[in-house]
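Report on one structure; see the data block that follows.
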Amino acid sequence: MTANVLLFWEAASSVAGEVNAFFVCMLILCTVVAVGIASFLIYCAIRYHRKAENELGSQTRYNIPAETLWTVVPFVLFIGMFIWGAKMYFDIVRPPDNTINMYVVAKQWMWKVQHPEGQREINELHIPAGRAVKLTMTSEDVIHSFFVPAFRTKQDVLPGRYTTIWFAAQKPGKYHLFCAQYCGTSHSGMIGWIYVMNPREYQAWLTEGAAEGSLASTGEKYFHQFGCANCHNFTNQGRCPDLRNLYMRPVQLTTGQTVLADDSYIREKLRDPDAQIPWGFASNVMPNFTGIVSEDQIVALISYIKALGPAPGTLEPASPGAAPGPYGAQPAAGATGATKAKSQLETR
Amino acid sequence: MIETAVVQTVKKNYLTEKQGILSWLFSTDHKRIAILYTFSITVFFFLGGFFALMMRLELLSPTSWLVSVGTYNKLFTMHGIIMVWFFLIPSIPGTLGNFLIPMMIGAKDLAFPKLNLLSWYIYMLGGLVTVYALFRGGVDTGWTFYTPFSTSYSTTYVISAAVGILIAGFSSIITGLNFIATIHRMRAPGLTWFRLPIFIWSMYASSMILVLATPVLAITLLMVAVERIFQVGIFDPALGGDPVLFQHMFWFYSHPAVYIMVLPGMAVISEIFPAFSRKPLFGYKAVAFSSIAIAVIGFLVWGHHMFVAGESAYSALAFSFLSYCVAVPSAIKVFNWTATMYKGSVSWDTPMLYAIGFVGLFTIGGMTGLFLAALGFDVHVHDTYFVIAHFHYIMVGGTVMAFLGGVHYWWPKVSGKMYPEGIARLSALVVFLGFNLTFFPQFVLGYLGMPRRYAAYPPEFQMLHVLSTAGASILGVGYVLPLCYLIWAWHYGRDAGPNPWRATGLEWKTESPPPTHNFEVTPIVTAEQPYDYEAMKEELQLV
C-alpha cells in the first residue's frame with residue numbers, strides 16, 4: 001500500500017505535476033461540496049424527522065434567489081474547470097520542438113518500437129531522462145492505446161493512420177506501459193516497461209545493440225527492394241516526383257490544394273497512390289503497396305525519405321550510393337548512406 | 001358499514017380480474033405488462049450480476065486463476081450487454097413507467113395497449129437471441145463493439161448479440177412512442193403540463209431520447225453485421241473503412257442512452273422526496289426543465305468518449321465545454337431534491353433511505369464526471385477503473401438505487417400489501433455500504449493507472465481489487481434480500497389500503513391494487529399545482 005501511495009503522487013513526466021495539482025484541487029472542492037450536501041441531508045433527516053403521523057412540512061415551493069445561486073455558481077466553477085482542463089490538454093498533446101522521434105507499431109498483443117538509430121524493442125522502450133520523446137504510432141490490426149500512467153498520458157493507436165504521443169520523463173526509473181483500449185483475448189498481456197535512463201547511459205545503450213544500422217538505412221534497403229528507386233530516382237525527373245527535400249514540405253496537388261508531406265501523407269501514398277497526386281504528375285503510375293509493404297517497413301521508408309531532406313542545404317541525396325543507379329545501389333554504399341542519414345537525424 | 005366492507009373485498013382488481021397464465025401473456029393491461037417486465041428484468045439483472053460476481057472473483061488475484069483470459073473477456077462483455085440493454089434501459093420505464101404513467105395522469109391505459117404488449121414480446125425476443133449468443137459461446141468484443149475488432153478480428157458470436165440488441169431496440173422505440181403519445185393525449189381533464197408530477201416530465205424526456213437515439217444504434221449495429229458478413233469496408237481500414245466513424249455513431253446513441261437510464265431514476269427520486277417530506281418538490285419548474293435540458297444537451301456530448309481516440313483538439317474543446325453544460329441541470333436537480341427535505345416532515349421509511357442514498361451516490365458519480373470532462377485530466381484516466389467507478393456510481397448508485405426505492409414506494413400500490421419495513425431498511429443500508437466498498441476503491445485504482453478490461457494485472461493493484469470484491473459480495477446480499485422479502489410480502493404482507501404514505505398524486509386516489517381500468521370515475525384535476533399537501537390536510541387529520 002505504501003508503494004501505491006508513492007506511485008500515486010509520482011510525477012514522472014513534465015506534465016504529471018500539473019495533472020496531480022488539478023486532481024488535488026478538484027478533490028478538495030468536490031469533497032467540500034459532497035460533505036456539505038451529505039451533512040445537509042443528514043441534518044434535515046434528523047432535524048425535521050416526522051414527529052406525528054399526521055404532520056405536514058412547510059409548503060414552500062420556490063425560492064428564486066437560492067435557485068439562481070445554485071445554477072450560476074456551479075456553472076461558473078464548471079467554466080473554470082473547463083479552462084484549466086483545456087490548458088492542461090494542450091500542454092499534454094502539443095509536443096515541444098527538438099523531440100527524439102521514434103516509431104511504434106502495435107499489433108495483437110505487443111508493442112514494437114523502432115528507434116531512429118536502428119534499435120528495435122518489443123514491449124520495452126528505453127528513453128533518456130529530461131528529453132522530450134515523440135512517438136509516431138500505428139496499428140497493424142485493431143485499435144490499441146499507448147498508456148503510461150506515471151507520465152499521465154495516453155493516446156489511442158489506430159490501424160490505417162498515424163497518431164502521436166510525446167512525453168519528457170523527469171527522472172530515471174522503470175514505469176508501466178499498458179494497452180488501455182480493449183484489443184482482444186490477450187489485451188491484459190499487452191503490457192511492457194518504459195526504462196528511463198541517464199542520458200549518458202542511454203547513449204551507451206544505443207551503441208550496444210545497433211546491429212542492422214539506422215532505421216533510415218533499413219528504409220534505404222526497402223527503397224530498392226520494393227523498386228521505389230526505379231522511378232523515384234534522382235536523375236530522371238519524369239513520371240515520378242523526386243523525394244529529396246520532400247519531408248514536411250508543402251506539396252501542391254493536381255486539385256490545387258496544398259498538403260503537408262508528413263508521415264501520414266507518405267504512408268497514404270503507399271496505400272492509395274492515386275489519392276492526392278502532386279501537381280504535374282499523372283495518376284495510375286505508382287502501384288498500390290497495400291499488403292506488400294508492412295507497417296514496420298513503411299516506418300523505415302519514411303525515415304529514409306526524412307533523411308533525404310528537408311533541411312535547407314541538404315538537397316544532395318543523403319547517400320551517394322543511393323542516388324545514382326536507377327537499378328539499385330551498390331552493396332557497399334548502403335553503410336555510408338546509413339551513417340550520413342543517422343547524422344542528419346541527430347542534427348534535427 | 002359491514003356490507004360495504006364485504007363489497008370492498010369482493011371487488012375485482014387487475015390481479016384478480018382474470019386467472020391463468022394466458023391471461024397474463026395476452027394481457028394488454030399496462031399494469032400486468034409492467035409485472036411481465038418486472039419478471040424479465042429481474043432475471044436479466046441476476047444473470048448480469050452473476051457475470052459481475054465471476055469477474056470480481058477472478059480479480060481477487062493478479063494472475064488469471066478462476067477463468068481463462070478469453071472467458072473473462074466474455075464475462076465483461078455479457079455483463080455490459082445484459083445490464084445496459086436488458087436491465088437498465090427497460091428497468092424503470094418498463095416496470096414503474098408502464099404501471100404509473102397512466103395512473104398518474106388519470107388514464108385507463110397507455111395510448112396503444114397492444115403495442116405495449118408487443119414491445120414486451122420484442123424485448124423478450126431480443127433477450128432470447130442474446131442469450132442464444134451467450135450459450136453458443138458468448139461474445140468478447142466488450143459491450144461497446146469497437147471496430148475493427150468486432151467486425152474483422154473477433155471469432156465469437158458478434159452477429160447474434162448485435163441482432164439481439166437491435167431487436168430489443170425496437171422495443172425501446174415502441175415504448176418511447178407509446179409514452180409520448182399517452183402523455184400528450186391521455187391526461188385527465190384539468191391536468192395541464194405544469195400540474196403533472198415530475199415523474200411524468202422525466203419519463204417524457206427519457207422517451208424522447210429513446211425514440212430519437214435508438215435508431216442510430218440500430219443502424220450502427222446493422223453496419224457492423226454487414227461489414228462482418230460481406231466484408232464491405234465501412235469501419236475496417238484494411239477494407240477502406242474508418243474505425244473512428246464507428247465510435248462517433250456508437251456514442252451518438254450510447255451517450256444519450258446514459259440519460260435514458262438515469263432520467264427515469266431521477267423521475268422516481270423526484271416523487272419520493274416530496275412524498276416522504278410531506279412537502280411539494282422544491283423548484284418544480286427548474287426540475288421539470290432540467291430534464292428537458294439534459295435530454296437536449298445530452299445529444300451534443302458524445303465526443304467526450306473519444307478525447308484520446310484521435311479526435312481533433314478543437315472538437316475535443318467543444319465536447320468538453322458541452323459536457324460541463326450538461327452537468328448544470330443535474331446539479332440543479334440535486335440541490336432541489338435536497339432543499340425539498342428542508343423544513344419538511346421527513347420519514348425514514350425505506351424509499352426515503354434509498355432516495356437519500358441516491359443523492360449521495362449520484363453526487364459522487366456526477367462530480368467525478370466533472371473530473372472526466374476536463375480534457376487534460378481525461379487523457380490520464382480514460383479507459384481506466386476511474387471511468388468504471390464513475391459510471392457505476394451513476395448507473396448502479398443512481399438508477400438501481402432509484403429503482404429499488406421506487407419498487408418499495410409503489411409496492412403497496414402494485415401488490416396491495418406492505419413490505420416488512422425493518423428488514424427493508426436494513427437491506428437498503430447493506431446496498432449502500434456494499435456499493436461504496438465495491439466501487440470507491442475503483443476510483444483509486446483508476447488514478448493509479450489500472451486499465452479497464454484486464455483479466456490479469458500488476459500485483460500492486462491487488463489490495464484495492466480485493467476490497468472491491470469484498471464489497472461486491474456484500475452488495476450481492478443487499479440485492480438478494482429485497483427479492484426474498486418482497487416475494488414474501490406479496491403473499492403475507494399486511495393490506496396497504498389506497499394511500500399508505502398519505503402521498504399526493506392520482507395513483508394514490510384509487511384502490512390498491514387498482515381495478516383493471518384504474519379509476520372508477522375519471523378524475524378531474526382542479527389543484528393549481530402538483531404535490532398539493534394543502535388538500536391532504538383533511539385526510540391527515542383523520543388519522
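A note on labels: chains of the C-alpha cells are A, B, ... as shown, every chain counts residues from 1, and ligands are counted from 1 in their shown order.
The environment of A:Trp70 within 10 Å, counting only C-alpha atoms and disregarding residues fewer than 5 places along the same chain, consists of A:Pro65, A:Phe75, B:Val328, B:Ala331, B:Ile332, B:Val334, B:Phe335, B:Asn336.
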Could I get the residues of chain B with an atom no further than 6 Å from an atom of chain A, each paired with its nearest atom pair and that distance in Å to one decimal, using only C-alpha atoms, sorted by chain and residue number, as JSON lines?
{"residue": "B:Gly70", "atom": "CA", "partner": "A:Thr185", "partner_atom": "CA", "distance": 5.2}
{"residue": "B:Pro148", "atom": "CA", "partner": "A:Val142", "partner_atom": "CA", "distance": 5.6}
{"residue": "B:Phe149", "atom": "CA", "partner": "A:Val142", "partner_atom": "CA", "distance": 5.4}
{"residue": "B:Pro237", "atom": "CA", "partner": "A:Gly160", "partner_atom": "CA", "distance": 5.4}
{"residue": "B:Arg278", "atom": "CA", "partner": "A:Gly57", "partner_atom": "CA", "distance": 5.3}
{"residue": "B:Lys279", "atom": "CA", "partner": "A:Gly57", "partner_atom": "CA", "distance": 5.3}
{"residue": "B:Phe282", "atom": "CA", "partner": "A:Arg61", "partner_atom": "CA", "distance": 5.0}
{"residue": "B:Gly283", "atom": "CA", "partner": "A:Tyr62", "partner_atom": "CA", "distance": 5.0}
{"residue": "B:Val308", "atom": "CA", "partner": "A:Gln155", "partner_atom": "CA", "distance": 5.1}
{"residue": "B:Ala309", "atom": "CA", "partner": "A:Asp156", "partner_atom": "CA", "distance": 5.1}
{"residue": "B:Tyr324", "atom": "CA", "partner": "A:Phe78", "partner_atom": "CA", "distance": 5.9}
{"residue": "B:Tyr342", "atom": "CA", "partner": "A:Cys44", "partner_atom": "CA", "distance": 5.8}
{"residue": "B:Lys343", "atom": "CA", "partner": "A:Ser58", "partner_atom": "CA", "distance": 5.7}
{"residue": "B:Gly344", "atom": "CA", "partner": "A:Gly57", "partner_atom": "CA", "distance": 3.8}
{"residue": "B:Ser345", "atom": "CA", "partner": "A:Gly57", "partner_atom": "CA", "distance": 4.6}
{"residue": "B:Val346", "atom": "CA", "partner": "A:His49", "partner_atom": "CA", "distance": 4.6}
{"residue": "B:Ser347", "atom": "CA", "partner": "A:Arg50", "partner_atom": "CA", "distance": 5.4}
{"residue": "B:Ala374", "atom": "CA", "partner": "A:Gly85", "partner_atom": "CA", "distance": 4.3}
{"residue": "B:Leu375", "atom": "CA", "partner": "A:Gly85", "partner_atom": "CA", "distance": 4.9}
{"residue": "B:Gly376", "atom": "CA", "partner": "A:Tyr89", "partner_atom": "CA", "distance": 3.8}
{"residue": "B:Val379", "atom": "CA", "partner": "A:Thr153", "partner_atom": "CA", "distance": 5.7}
{"residue": "B:His380", "atom": "CA", "partner": "A:Arg152", "partner_atom": "CA", "distance": 4.7}
{"residue": "B:Asp383", "atom": "CA", "partner": "A:Ala180", "partner_atom": "CA", "distance": 5.9}
{"residue": "B:Leu448", "atom": "CA", "partner": "A:Phe8", "partner_atom": "CA", "distance": 5.6}
{"residue": "B:Gly449", "atom": "CA", "partner": "A:Pro149", "partner_atom": "CA", "distance": 4.9}
{"residue": "B:Pro451", "atom": "CA", "partner": "A:Ala180", "partner_atom": "CA", "distance": 5.5}
{"residue": "B:Tyr454", "atom": "CA", "partner": "A:Ser188", "partner_atom": "CA", "distance": 4.6}
{"residue": "B:Ala455", "atom": "CA", "partner": "A:Ser188", "partner_atom": "CA", "distance": 6.0}
{"residue": "B:Ala456", "atom": "CA", "partner": "A:Ser188", "partner_atom": "CA", "distance": 5.9}
{"residue": "B:Leu540", "atom": "CA", "partner": "A:Asn54", "partner_atom": "CA", "distance": 5.0}
Please produce a file of the residues just selected, as a PDB file, in the first residue's frame, where the atoms kept are C-alpha atoms.
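Output contents, as saved in part16.pdb:
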ATOM      1  CA  GLY B  70     -10.850 -15.307 -23.078  1.00  0.00           C
ATOM      2  CA  PRO B 148     -12.317  -3.187 -36.429  1.00  0.00           C
ATOM      3  CA  PHE B 149     -12.026  -5.759 -33.622  1.00  0.00           C
ATOM      4  CA  PRO B 237      -9.304   0.466 -42.577  1.00  0.00           C
ATOM      5  CA  ARG B 278     -44.761  15.838   3.011  1.00  0.00           C
ATOM      6  CA  LYS B 279     -43.775  18.883   1.044  1.00  0.00           C
ATOM      7  CA  PHE B 282     -38.799  22.282  -4.349  1.00  0.00           C
ATOM      8  CA  GLY B 283     -38.229  24.278  -7.547  1.00  0.00           C
ATOM      9  CA  VAL B 308      -7.800  10.153 -26.846  1.00  0.00           C
ATOM     10  CA  ALA B 309      -9.212   8.384 -29.915  1.00  0.00           C
ATOM     11  CA  TYR B 324     -19.763  20.799 -18.445  1.00  0.00           C
ATOM     12  CA  TYR B 342     -35.657  21.353   4.399  1.00  0.00           C
ATOM     13  CA  LYS B 343     -38.465  22.136   6.869  1.00  0.00           C
ATOM     14  CA  GLY B 344     -40.344  19.063   5.721  1.00  0.00           C
ATOM     15  CA  SER B 345     -41.836  16.259   7.769  1.00  0.00           C
ATOM     16  CA  VAL B 346     -39.200  13.688   6.965  1.00  0.00           C
ATOM     17  CA  SER B 347     -39.905   9.996   7.399  1.00  0.00           C
ATOM     18  CA  ALA B 374     -11.615  18.127 -18.079  1.00  0.00           C
ATOM     19  CA  LEU B 375      -9.656  17.369 -21.243  1.00  0.00           C
ATOM     20  CA  GLY B 376      -6.167  17.135 -19.790  1.00  0.00           C
ATOM     21  CA  VAL B 379      -6.197  11.805 -21.027  1.00  0.00           C
ATOM     22  CA  HIS B 380      -4.796  10.109 -17.919  1.00  0.00           C
ATOM     23  CA  ASP B 383     -10.203   3.726 -20.176  1.00  0.00           C
ATOM     24  CA  LEU B 448      -3.129   4.788 -10.178  1.00  0.00           C
ATOM     25  CA  GLY B 449      -3.442   3.686 -13.801  1.00  0.00           C
ATOM     26  CA  PRO B 451      -6.706  -0.084 -17.199  1.00  0.00           C
ATOM     27  CA  TYR B 454      -7.797  -6.528 -17.755  1.00  0.00           C
ATOM     28  CA  ALA B 455      -8.120 -10.161 -16.686  1.00  0.00           C
ATOM     29  CA  ALA B 456      -4.674 -10.035 -15.095  1.00  0.00           C
ATOM     30  CA  LEU B 540     -54.315  13.575   7.501  1.00  0.00           C
TER      31      LEU B 540
END
Which residue is closest to A:Tyr202? Choose from A:Ala129, A:Ala106, A:Val113, A:Cys25 and count only C-alpha atoms.
A:Ala129
Stretch 418-431 of chain B: which residues within 6 Å, counting only C-alpha atoms, same-chain residues fewer than 5 positions away excluded, as a ChimeraX atom specification?
/B:350,412,475,478,489,493-494,496
Generate the output file for the selected residues, N, CA and C atoms, as a JSON list (two decimals), in the first residue's frame.
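Contents of result17.json, freshly written:
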[["chain", "number", "residue", "atom", "x", "y", "z"],
["B", 350, "THR", "N", -38.15, 3.11, 4.05],
["B", 350, "THR", "CA", -37.17, 2.58, 3.10],
["B", 350, "THR", "C", -37.04, 3.39, 1.80],
["B", 412, "PRO", "N", -46.90, -1.08, -2.30],
["B", 412, "PRO", "CA", -48.27, -1.20, -1.77],
["B", 412, "PRO", "C", -49.32, -0.98, -2.86],
["B", 475, "LEU", "N", -22.74, -6.31, -1.57],
["B", 475, "LEU", "CA", -23.75, -5.74, -2.46],
["B", 475, "LEU", "C", -24.70, -6.83, -2.97],
["B", 478, "GLY", "N", -27.23, -7.55, -0.51],
["B", 478, "GLY", "CA", -28.20, -6.45, -0.49],
["B", 478, "GLY", "C", -29.22, -6.54, -1.60],
["B", 489, "ALA", "N", -43.74, -10.67, 0.98],
["B", 489, "ALA", "CA", -44.75, -9.64, 1.25],
["B", 489, "ALA", "C", -45.92, -9.73, 0.28],
["B", 493, "GLY", "N", -47.84, -9.95, 3.27],
["B", 493, "GLY", "CA", -47.79, -8.59, 3.80],
["B", 493, "GLY", "C", -49.16, -8.13, 4.26],
["B", 494, "ARG", "N", -49.14, -7.12, 5.19],
["B", 494, "ARG", "CA", -50.45, -6.64, 5.63],
["B", 494, "ARG", "C", -51.04, -5.73, 4.55],
["B", 496, "ALA", "N", -52.42, -2.79, 2.44],
["B", 496, "ALA", "CA", -51.87, -1.44, 2.42],
["B", 496, "ALA", "C", -52.94, -0.37, 2.44]]
Per-residue DSSP, stretch 152-198 of chain B, filtered to helix (DSSP H, G or I), as a VMD selection string
chain B and resid 152 to 153 158 to 185 193 to 195 198
Members of stretch 160-315 of chain A assigned strand (DSSP E or B) by DSSP, as a VMD selection string
chain A and resid 163 to 169 173 to 179 192 to 197 250 to 253 258 to 260 278
Give me a file of those residues, with N, CA and C atoms, as a PDB file, in the first residue's frame.
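Below you can see result-v9.pdb, which holds the result:
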ATOM      1  N   THR A 163      -1.060   8.288 -35.227  1.00  0.00           N
ATOM      2  CA  THR A 163      -1.320   9.228 -34.153  1.00  0.00           C
ATOM      3  C   THR A 163       0.004   9.425 -33.426  1.00  0.00           C
ATOM      4  N   THR A 164       0.118  10.514 -32.676  1.00  0.00           N
ATOM      5  CA  THR A 164       1.383  10.768 -31.985  1.00  0.00           C
ATOM      6  C   THR A 164       1.148  10.999 -30.503  1.00  0.00           C
ATOM      7  N   ILE A 165       2.159  10.721 -29.740  1.00  0.00           N
ATOM      8  CA  ILE A 165       2.148  10.987 -28.303  1.00  0.00           C
ATOM      9  C   ILE A 165       3.551  11.463 -27.961  1.00  0.00           C
ATOM     10  N   TRP A 166       3.667  12.338 -26.974  1.00  0.00           N
ATOM     11  CA  TRP A 166       5.019  12.747 -26.551  1.00  0.00           C
ATOM     12  C   TRP A 166       5.061  12.836 -25.038  1.00  0.00           C
ATOM     13  N   PHE A 167       6.257  12.730 -24.506  1.00  0.00           N
ATOM     14  CA  PHE A 167       6.440  12.899 -23.067  1.00  0.00           C
ATOM     15  C   PHE A 167       7.898  13.192 -22.810  1.00  0.00           C
ATOM     16  N   ALA A 168       8.138  13.901 -21.723  1.00  0.00           N
ATOM     17  CA  ALA A 168       9.506  14.141 -21.276  1.00  0.00           C
ATOM     18  C   ALA A 168       9.611  13.549 -19.885  1.00  0.00           C
ATOM     19  N   ALA A 169      10.308  12.424 -19.779  1.00  0.00           N
ATOM     20  CA  ALA A 169      10.447  11.765 -18.485  1.00  0.00           C
ATOM     21  C   ALA A 169      11.363  12.600 -17.601  1.00  0.00           C
ATOM     22  N   GLY A 173      14.152   5.582 -14.150  1.00  0.00           N
ATOM     23  CA  GLY A 173      13.292   4.639 -13.438  1.00  0.00           C
ATOM     24  C   GLY A 173      12.623   3.700 -14.427  1.00  0.00           C
ATOM     25  N   LYS A 174      11.771   2.855 -13.871  1.00  0.00           N
ATOM     26  CA  LYS A 174      11.096   1.841 -14.679  1.00  0.00           C
ATOM     27  C   LYS A 174       9.591   2.049 -14.506  1.00  0.00           C
ATOM     28  N   TYR A 175       8.879   2.251 -15.584  1.00  0.00           N
ATOM     29  CA  TYR A 175       7.461   2.605 -15.486  1.00  0.00           C
ATOM     30  C   TYR A 175       6.604   1.667 -16.343  1.00  0.00           C
ATOM     31  N   HIS A 176       5.369   1.454 -15.876  1.00  0.00           N
ATOM     32  CA  HIS A 176       4.446   0.585 -16.605  1.00  0.00           C
ATOM     33  C   HIS A 176       4.047   1.169 -17.958  1.00  0.00           C
ATOM     34  N   LEU A 177       3.965   0.304 -18.945  1.00  0.00           N
ATOM     35  CA  LEU A 177       3.327   0.642 -20.220  1.00  0.00           C
ATOM     36  C   LEU A 177       2.136  -0.296 -20.365  1.00  0.00           C
ATOM     37  N   PHE A 178       0.947   0.271 -20.555  1.00  0.00           N
ATOM     38  CA  PHE A 178      -0.270  -0.545 -20.692  1.00  0.00           C
ATOM     39  C   PHE A 178      -0.925  -0.294 -22.044  1.00  0.00           C
ATOM     40  N   CYS A 179      -1.633  -1.314 -22.546  1.00  0.00           N
ATOM     41  CA  CYS A 179      -2.579  -1.048 -23.629  1.00  0.00           C
ATOM     42  C   CYS A 179      -3.901  -0.739 -22.940  1.00  0.00           C
ATOM     43  N   GLY A 192       4.099  -3.589 -20.946  1.00  0.00           N
ATOM     44  CA  GLY A 192       5.546  -3.557 -21.043  1.00  0.00           C
ATOM     45  C   GLY A 192       6.122  -2.557 -20.070  1.00  0.00           C
ATOM     46  N   TRP A 193       7.378  -2.214 -20.278  1.00  0.00           N
ATOM     47  CA  TRP A 193       8.057  -1.286 -19.381  1.00  0.00           C
ATOM     48  C   TRP A 193       8.706  -0.163 -20.169  1.00  0.00           C
ATOM     49  N   ILE A 194       8.652   1.018 -19.578  1.00  0.00           N
ATOM     50  CA  ILE A 194       9.419   2.142 -20.098  1.00  0.00           C
ATOM     51  C   ILE A 194      10.635   2.283 -19.190  1.00  0.00           C
ATOM     52  N   TYR A 195      11.825   2.214 -19.772  1.00  0.00           N
ATOM     53  CA  TYR A 195      13.046   2.399 -18.984  1.00  0.00           C
ATOM     54  C   TYR A 195      13.563   3.807 -19.257  1.00  0.00           C
ATOM     55  N   VAL A 196      13.529   4.621 -18.212  1.00  0.00           N
ATOM     56  CA  VAL A 196      14.081   5.970 -18.354  1.00  0.00           C
ATOM     57  C   VAL A 196      15.509   5.930 -17.817  1.00  0.00           C
ATOM     58  N   MET A 197      16.452   6.364 -18.682  1.00  0.00           N
ATOM     59  CA  MET A 197      17.872   6.222 -18.334  1.00  0.00           C
ATOM     60  C   MET A 197      18.541   7.583 -18.268  1.00  0.00           C
ATOM     61  N   PRO A 250       5.330  21.586 -48.009  1.00  0.00           N
ATOM     62  CA  PRO A 250       4.019  21.596 -48.668  1.00  0.00           C
ATOM     63  C   PRO A 250       4.106  21.023 -50.084  1.00  0.00           C
ATOM     64  N   VAL A 251       3.089  20.283 -50.467  1.00  0.00           N
ATOM     65  CA  VAL A 251       3.041  19.702 -51.804  1.00  0.00           C
ATOM     66  C   VAL A 251       1.786  20.226 -52.482  1.00  0.00           C
ATOM     67  N   GLN A 252       1.974  20.779 -53.680  1.00  0.00           N
ATOM     68  CA  GLN A 252       0.788  21.237 -54.396  1.00  0.00           C
ATOM     69  C   GLN A 252       0.197  20.077 -55.184  1.00  0.00           C
ATOM     70  N   LEU A 253      -1.115  19.913 -55.064  1.00  0.00           N
ATOM     71  CA  LEU A 253      -1.768  18.774 -55.697  1.00  0.00           C
ATOM     72  C   LEU A 253      -2.403  19.178 -57.011  1.00  0.00           C
ATOM     73  N   THR A 258      -3.074  22.275 -51.262  1.00  0.00           N
ATOM     74  CA  THR A 258      -1.718  22.031 -50.804  1.00  0.00           C
ATOM     75  C   THR A 258      -1.783  21.185 -49.547  1.00  0.00           C
ATOM     76  N   VAL A 259      -0.985  20.139 -49.493  1.00  0.00           N
ATOM     77  CA  VAL A 259      -0.932  19.327 -48.274  1.00  0.00           C
ATOM     78  C   VAL A 259       0.500  19.267 -47.778  1.00  0.00           C
ATOM     79  N   LEU A 260       0.631  18.934 -46.510  1.00  0.00           N
ATOM     80  CA  LEU A 260       1.949  18.818 -45.918  1.00  0.00           C
ATOM     81  C   LEU A 260       2.436  17.369 -46.086  1.00  0.00           C
ATOM     82  N   PRO A 278       0.525  14.848 -56.761  1.00  0.00           N
ATOM     83  CA  PRO A 278       1.158  16.173 -56.827  1.00  0.00           C
ATOM     84  C   PRO A 278       0.992  16.805 -58.208  1.00  0.00           C
TER      85      PRO A 278
END
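Separating atom CA of B:Met450 from atom CA of B:Ser154 is a distance of 24.0 Å.
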What lies within 7 Å of stretch 169-184 of chain B using only C-alpha atoms, ignoring chain neighbours under 2 positions off, as a PyMOL selection string?
chain B and resi 110-112+115-116+119-120+122-123+165-167+186-187+204+207-208+210-211+214+218
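In this comparison, which uses only C-alpha atoms, the residue of B:Pro197, B:Gly127, B:Gly233, B:Gly365 approaching B:Phe246 most closely is B:Gly233.
Coordinates place atom CA of B:Met367 at a distance of 15.8 Å from atom CA of B:Ile294.
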Counting only C-alpha atoms, what is within 12 Å of stretch 156-160 of chain B, bar same-chain residues fewer than 5 positions away, as a count of residues only?
47
For B:Phe250: contacts at 8 Å, only C-alpha atoms, fewer than 6 positions along chain excluded, given as a PyMOL selection string:
chain B and resi 144+216-217+220
Write to file, as a short mmCIF file (atom, residue, chain, number, x, y, z; two decimals), in the first residue's frame, the residues of the selection just made, with N, CA and C atoms.
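Heads up, here's the output in out.cif:
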data_model
loop_
_atom_site.label_atom_id
_atom_site.label_comp_id
_atom_site.auth_asym_id
_atom_site.auth_seq_id
_atom_site.Cartn_x
_atom_site.Cartn_y
_atom_site.Cartn_z
N THR B 144 -19.20 -2.35 -26.08
CA THR B 144 -19.06 -1.21 -27.00
C THR B 144 -18.80 -1.63 -28.44
N VAL B 216 -30.24 5.17 -34.30
CA VAL B 216 -28.83 5.30 -34.66
C VAL B 216 -28.07 4.04 -34.23
N LEU B 217 -28.43 3.51 -33.06
CA LEU B 217 -27.81 2.26 -32.60
C LEU B 217 -28.13 1.13 -33.57
N THR B 220 -26.04 1.44 -36.63
CA THR B 220 -24.64 1.14 -36.35
C THR B 220 -24.41 -0.37 -36.24
#
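The shell of residues at most 6 Å from stretch 295-307 of chain B, with only C-alpha atoms counted and near chain neighbours (fewer than 3 positions) removed, consists of Ala205, Trp251, Phe252, His255, Pro256, Ile292, Ala316, Phe319, Leu322, Ser323 and Val326 of chain B.
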Written selection (C-alpha atoms) as a compact mmCIF listing (two decimals), in the first residue's frame:
# COMPACT_ATOMS: atom_id res chain seq x y z
CA ALA B 205 -37.67 13.45 -21.63
CA TRP B 251 -21.59 7.13 -28.81
CA PHE B 252 -24.12 9.31 -30.61
CA HIS B 255 -24.18 8.78 -24.53
CA PRO B 256 -27.85 9.81 -24.72
CA ILE B 292 -35.64 18.52 -20.95
CA ALA B 316 -12.38 17.94 -28.11
CA PHE B 319 -17.25 18.46 -26.45
CA LEU B 322 -20.76 20.92 -23.69
CA SER B 323 -20.11 18.16 -21.16
CA VAL B 326 -24.93 19.10 -19.28
Please, what distance in Å, to one decimal, runs between atom CA of A:Ala261 and atom CA of A:Pro273?
13.6 Å
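For the residues B:Thr38, B:Gln529, B:Pro274, B:Trp411, ranking by smallest atom-to-atom distance to B:Trp193 using only C-alpha atoms places B:Gln529 first.
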